[in-house]
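*Asks:* Sharing a structure below in structure tokens format, with a few things to ask.
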Amino acid sequence: VPKIITSLQTGSVVSIKGSDVLVYGQQLSDLEFEPAVFVEKGTDTEVKGTLSWKEPSYVPDITGIQGVQTGTAQWVFMPDNSDKYDEFTGTAEYVVTKASPEVELPTADTVIYNEQTTLGSVKLNGGAASAVVGGNTVTVAGTWRWKDTSTVPFVGNGGFMAVFTPDDTVRYNTVERTVAVEVEQAENAPDMPSAVMSVPRSCRKVGDVELPAGWQWRDADIESILGETPVEAEAVYIRDDSFNYKNITVMVAVNIVPKIITSLQTGSVVSIKG
């Protein structure tokens, strides 16, 4: 006896529940169907059974450079009473988009602060990426780089953005993550004044003595009177990046240039005219 042919009830359709979008690596079985009613063909007699993808473990691929692809796959309705009823098949469309790999962050070399040292000279070490494809974890090959190589890393930073670029940019997205960079303090703040300064006699007090840019005299020393005997005064580095340096103050011995002693030239005498 031939099996009874089944079909969709008039007005009933096979559609995917919710979104029809898969991320690369997912199987068709990750897309579920909305309920549909199947009947004996030409009647309203309902046939009970299961609606599923014909190849549920199939992993749709992406082949275009746009990072998104539409595909079609076959579904099948299997009646519970397969001895009496024939299966019924059809197709449904789906969309596949790029996957974002799971990443293991690289580490960065430790550096000593220098206002001329940028991230471009800070090496990234190690790091890895993986993705789940068809239920299996696979390695995603690629490279790490700093997002902005011109950034100067500073002491106490919260890390800087690094970018993982997969070799396979058709199936995988780039990934951005913050990578820690340990920066140690430099010894001396820039343009540190000399510990000994001899200044013109026009300087009457410490506050009259000009310091390099970014430095100023300690308030308590500004009014100290200068003489030929050195006066101790403290210079302080005041720029906002002072946390990058270990030494931001220096004691300076300041004196005015002594007057030049004059004398009669050998053989010369002082005498009264006439």
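Convention: chains lettered A, B, ... in structure tokens order; per-chain residue numbering from 1; ligands numbered from 1 as shown.
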At a cut-off of 7 Å, using only C-alpha atoms, what residues contact range 94-111 of chain A? Leave out same-chain residues fewer than 3 positions from it and give the result as a PyMOL selection string.

*Replies:* chain A and resi 20-24+60+62+67-72+122-131+171-175+179-184

*Asks:* Go ahead and dump the residues you just picked, C-alpha atoms, as a PDB file, in the first residue's frame.

*Replies:*
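Below you can see selection-v2.pdb, which holds the result:
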ATOM      1  CA  ASP A  20      17.397  33.670  10.684  1.00  0.00           C
ATOM      2  CA  VAL A  21      21.005  34.797  11.213  1.00  0.00           C
ATOM      3  CA  LEU A  22      23.833  32.405  12.037  1.00  0.00           C
ATOM      4  CA  VAL A  23      27.316  33.411  13.111  1.00  0.00           C
ATOM      5  CA  TYR A  24      29.992  31.513  11.194  1.00  0.00           C
ATOM      6  CA  PRO A  60      27.137  27.161   6.497  1.00  0.00           C
ATOM      7  CA  ILE A  62      30.988  32.443   4.012  1.00  0.00           C
ATOM      8  CA  GLY A  67      31.323  39.234   5.535  1.00  0.00           C
ATOM      9  CA  VAL A  68      27.695  38.146   5.162  1.00  0.00           C
ATOM     10  CA  GLN A  69      26.095  35.497   2.998  1.00  0.00           C
ATOM     11  CA  THR A  70      22.599  34.214   2.332  1.00  0.00           C
ATOM     12  CA  GLY A  71      22.025  30.494   1.829  1.00  0.00           C
ATOM     13  CA  THR A  72      19.274  27.931   1.398  1.00  0.00           C
ATOM     14  CA  VAL A 122      56.720  48.397  22.539  1.00  0.00           C
ATOM     15  CA  LYS A 123      56.670  44.741  21.523  1.00  0.00           C
ATOM     16  CA  LEU A 124      53.576  42.559  21.894  1.00  0.00           C
ATOM     17  CA  ASN A 125      54.349  38.958  22.854  1.00  0.00           C
ATOM     18  CA  GLY A 126      52.231  35.852  22.448  1.00  0.00           C
ATOM     19  CA  GLY A 127      48.444  36.013  22.358  1.00  0.00           C
ATOM     20  CA  ALA A 128      46.082  33.594  20.650  1.00  0.00           C
ATOM     21  CA  ALA A 129      42.588  33.346  19.210  1.00  0.00           C
ATOM     22  CA  SER A 130      40.059  30.567  18.752  1.00  0.00           C
ATOM     23  CA  ALA A 131      36.515  29.949  17.596  1.00  0.00           C
ATOM     24  CA  ARG A 171      34.967  34.434   8.147  1.00  0.00           C
ATOM     25  CA  TYR A 172      36.268  36.361  11.170  1.00  0.00           C
ATOM     26  CA  ASN A 173      36.092  39.893  12.523  1.00  0.00           C
ATOM     27  CA  THR A 174      39.007  41.846  13.915  1.00  0.00           C
ATOM     28  CA  VAL A 175      38.966  42.047  17.712  1.00  0.00           C
ATOM     29  CA  VAL A 179      46.428  45.276  26.823  1.00  0.00           C
ATOM     30  CA  ALA A 180      48.319  46.269  29.960  1.00  0.00           C
ATOM     31  CA  VAL A 181      51.674  48.020  29.593  1.00  0.00           C
ATOM     32  CA  GLU A 182      53.945  48.310  32.622  1.00  0.00           C
ATOM     33  CA  VAL A 183      55.816  51.609  32.526  1.00  0.00           C
ATOM     34  CA  GLU A 184      58.511  52.345  35.104  1.00  0.00           C
TER      35      GLU A 184
END

*Asks:* Per DSSP on the backbone, what are the strand (DSSP E or B) residues of range 98-197 of chain A, as a PyMOL selection string?

*Replies:* chain A and resi 99+102-104+107-108+111-112+124-125+128-133+136-139+142-146+160-166+172+175-179+183-184+186-188+196-197

*Asks:* Determine, counting only C-alpha atoms, which protein, DNA and RNA residues have an atom within 9 Å of an atom of Val13 in chain A; residues of the same chain fewer than 4 positions away are not included. Present the result as a PyMOL selection string.

*Replies:* chain A and resi 8-9+34-37

*Asks:* Against range 115-121 of chain A, which residues of range 135-165 of chain A fall within 7 Å? For each one I want the closest pair of atoms and the distance in Å (one decimal), counting only C-alpha atoms, rows by chain and increasing residue number, as a tab-separated table.

*Replies:*
residue	atom	partner	partner_atom	distance
A:Trp146	CA	A:Leu119	CA	6.9
A:Thr149	CA	A:Gly120	CA	4.3
A:Ser150	CA	A:Thr118	CA	5.4
A:Thr151	CA	A:Thr118	CA	5.3
A:Val152	CA	A:Thr118	CA	4.3
A:Pro153	CA	A:Thr118	CA	6.4

*Asks:* In Å to one decimal, how far is CA of Arg145 in chain A from CA of Ala186 in chain A?

*Replies:* 25.4 Å

*Asks:* Return the single residue from A:Asp208, A:Asp167, A:Glu223, A:Asp86 that is closest to Lys3 in chain A, with distances computed using only C-alpha atoms.

*Replies:* A:Asp86

*Asks:* List every residue of range 21-233 of chain A that DSSP, applied to the backbone of this structure, assigns to helix (DSSP H, G or I), and report them as a list in words.

*Replies:*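 Matching residues, listed in order: Leu28, Ser29, Asp30, Leu119, Gly120, Ser121, Val206, Gly207, Asp208, Asp219, Ala220 and Asp221 of chain A.
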
*Asks:* What lies within 9 Å of range 74-83 of chain A using only C-alpha atoms, ignoring chain neighbours under 3 positions off, as an MDAnalysis selection string?

*Replies:* chainID A and resid 3 6 14 38 47:56 86:93

*Asks:* Could you tell me how far CA of Gly11 in chain A sits from CA of Glu46 in chain A, in Å to one decimal place?

*Replies:*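 Rounded to one decimal, the two atoms are 13.5 Å apart.
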
*Asks:* Find the residue from A:Ala195, A:Val140, A:Val59, A:Ala162 that sits nearest to Glu232 in chain A; use only C-alpha atoms when measuring.

*Replies:*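 When distances to Glu232 in chain A are compared using only C-alpha atoms, the smallest one comes from A:Ala195.
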
*Asks:* Do a neighbour search on Ser202 in chain A at 10 Å with only C-alpha atoms, toss out local chain neighbours closer than 3 positions, and write the hits as a PyMOL selection string.

*Replies:* chain A and resi 199+205+208-209+256-257

*Asks:* For Glu234 in chain A, please output as a list in words all residues within 9 Å (counting only C-alpha atoms; exclusion window: fewer than 5 positions along the same chain).

*Replies:*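 Once the adjacent positions are removed, what remains is Gln216, Trp217, Arg218, Ala220, Asp221, Thr249, Val250, Met251, Val252 and Ala253 of chain A.
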
*Asks:* Might you pull out every residue within 12 Å of Ala213 in chain A, with only C-alpha atoms counted and same-chain residues fewer than 2 positions away left off, and present them as a list in words?

*Replies:* Ala189, Pro190, Asp191, Met192, Pro193, Glu210, Leu211, Trp215, Gln216, Trp217, Ala235, Val236, Tyr237, Ile238 and Arg239 of chain A

*Asks:* Deliver the residues from the most recent selection as a file, using N, CA, C and O atoms, as a short mmCIF file (atom, residue, chain, number, x, y, z; two decimals), in the first residue's frame.

*Replies:*
data_model
loop_
_atom_site.label_atom_id
_atom_site.label_comp_id
_atom_site.auth_asym_id
_atom_site.auth_seq_id
_atom_site.Cartn_x
_atom_site.Cartn_y
_atom_site.Cartn_z
N ALA A 189 63.27 64.23 36.11
CA ALA A 189 62.38 65.02 35.26
C ALA A 189 63.23 65.77 34.24
O ALA A 189 64.40 66.09 34.49
N PRO A 190 62.67 66.09 33.07
CA PRO A 190 63.46 66.73 32.01
C PRO A 190 63.93 68.13 32.38
O PRO A 190 63.27 68.84 33.14
N ASP A 191 65.09 68.48 31.82
CA ASP A 191 65.67 69.82 32.00
C ASP A 191 65.90 70.16 33.46
O ASP A 191 65.73 71.32 33.88
N MET A 192 66.30 69.18 34.26
CA MET A 192 66.54 69.43 35.68
C MET A 192 67.66 70.46 35.86
O MET A 192 68.72 70.34 35.24
N PRO A 193 67.45 71.49 36.69
CA PRO A 193 68.48 72.52 36.91
C PRO A 193 69.74 71.93 37.54
O PRO A 193 69.69 70.91 38.23
N GLU A 210 65.89 82.70 36.67
CA GLU A 210 65.05 81.97 35.73
C GLU A 210 65.44 80.49 35.71
O GLU A 210 66.62 80.14 35.65
N LEU A 211 64.39 79.63 35.73
CA LEU A 211 64.59 78.19 35.68
C LEU A 211 64.14 77.65 34.32
O LEU A 211 63.38 78.30 33.60
N TRP A 215 59.81 74.14 35.47
CA TRP A 215 60.36 74.19 36.82
C TRP A 215 60.04 75.53 37.48
O TRP A 215 59.93 76.55 36.81
N GLN A 216 59.88 75.49 38.81
CA GLN A 216 59.72 76.74 39.56
C GLN A 216 60.35 76.57 40.94
O GLN A 216 60.55 75.46 41.42
N TRP A 217 60.64 77.74 41.55
CA TRP A 217 61.21 77.70 42.89
C TRP A 217 60.12 77.42 43.92
O TRP A 217 58.97 77.82 43.75
N ALA A 235 64.22 73.69 43.70
CA ALA A 235 63.49 73.81 42.44
C ALA A 235 62.56 72.60 42.31
O ALA A 235 62.93 71.48 42.63
N VAL A 236 61.33 72.85 41.82
CA VAL A 236 60.30 71.81 41.75
C VAL A 236 59.77 71.70 40.32
O VAL A 236 59.45 72.72 39.69
N TYR A 237 59.68 70.45 39.83
CA TYR A 237 59.10 70.20 38.50
C TYR A 237 57.58 70.22 38.63
O TYR A 237 57.00 69.53 39.47
N ILE A 238 56.89 71.02 37.82
CA ILE A 238 55.45 71.27 38.03
C ILE A 238 54.55 70.82 36.89
O ILE A 238 53.34 71.02 36.94
N ARG A 239 55.10 70.21 35.86
CA ARG A 239 54.24 69.79 34.76
C ARG A 239 53.34 68.62 35.17
O ARG A 239 53.63 67.89 36.11
#

*Asks:* Which is closest to Ser224 in chain A among A:Leu31, A:Val155, A:Cys203, A:Val196, if we use only C-alpha atoms?

*Replies:*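 Smallest separation from Ser224 in chain A among the options: A:Cys203.
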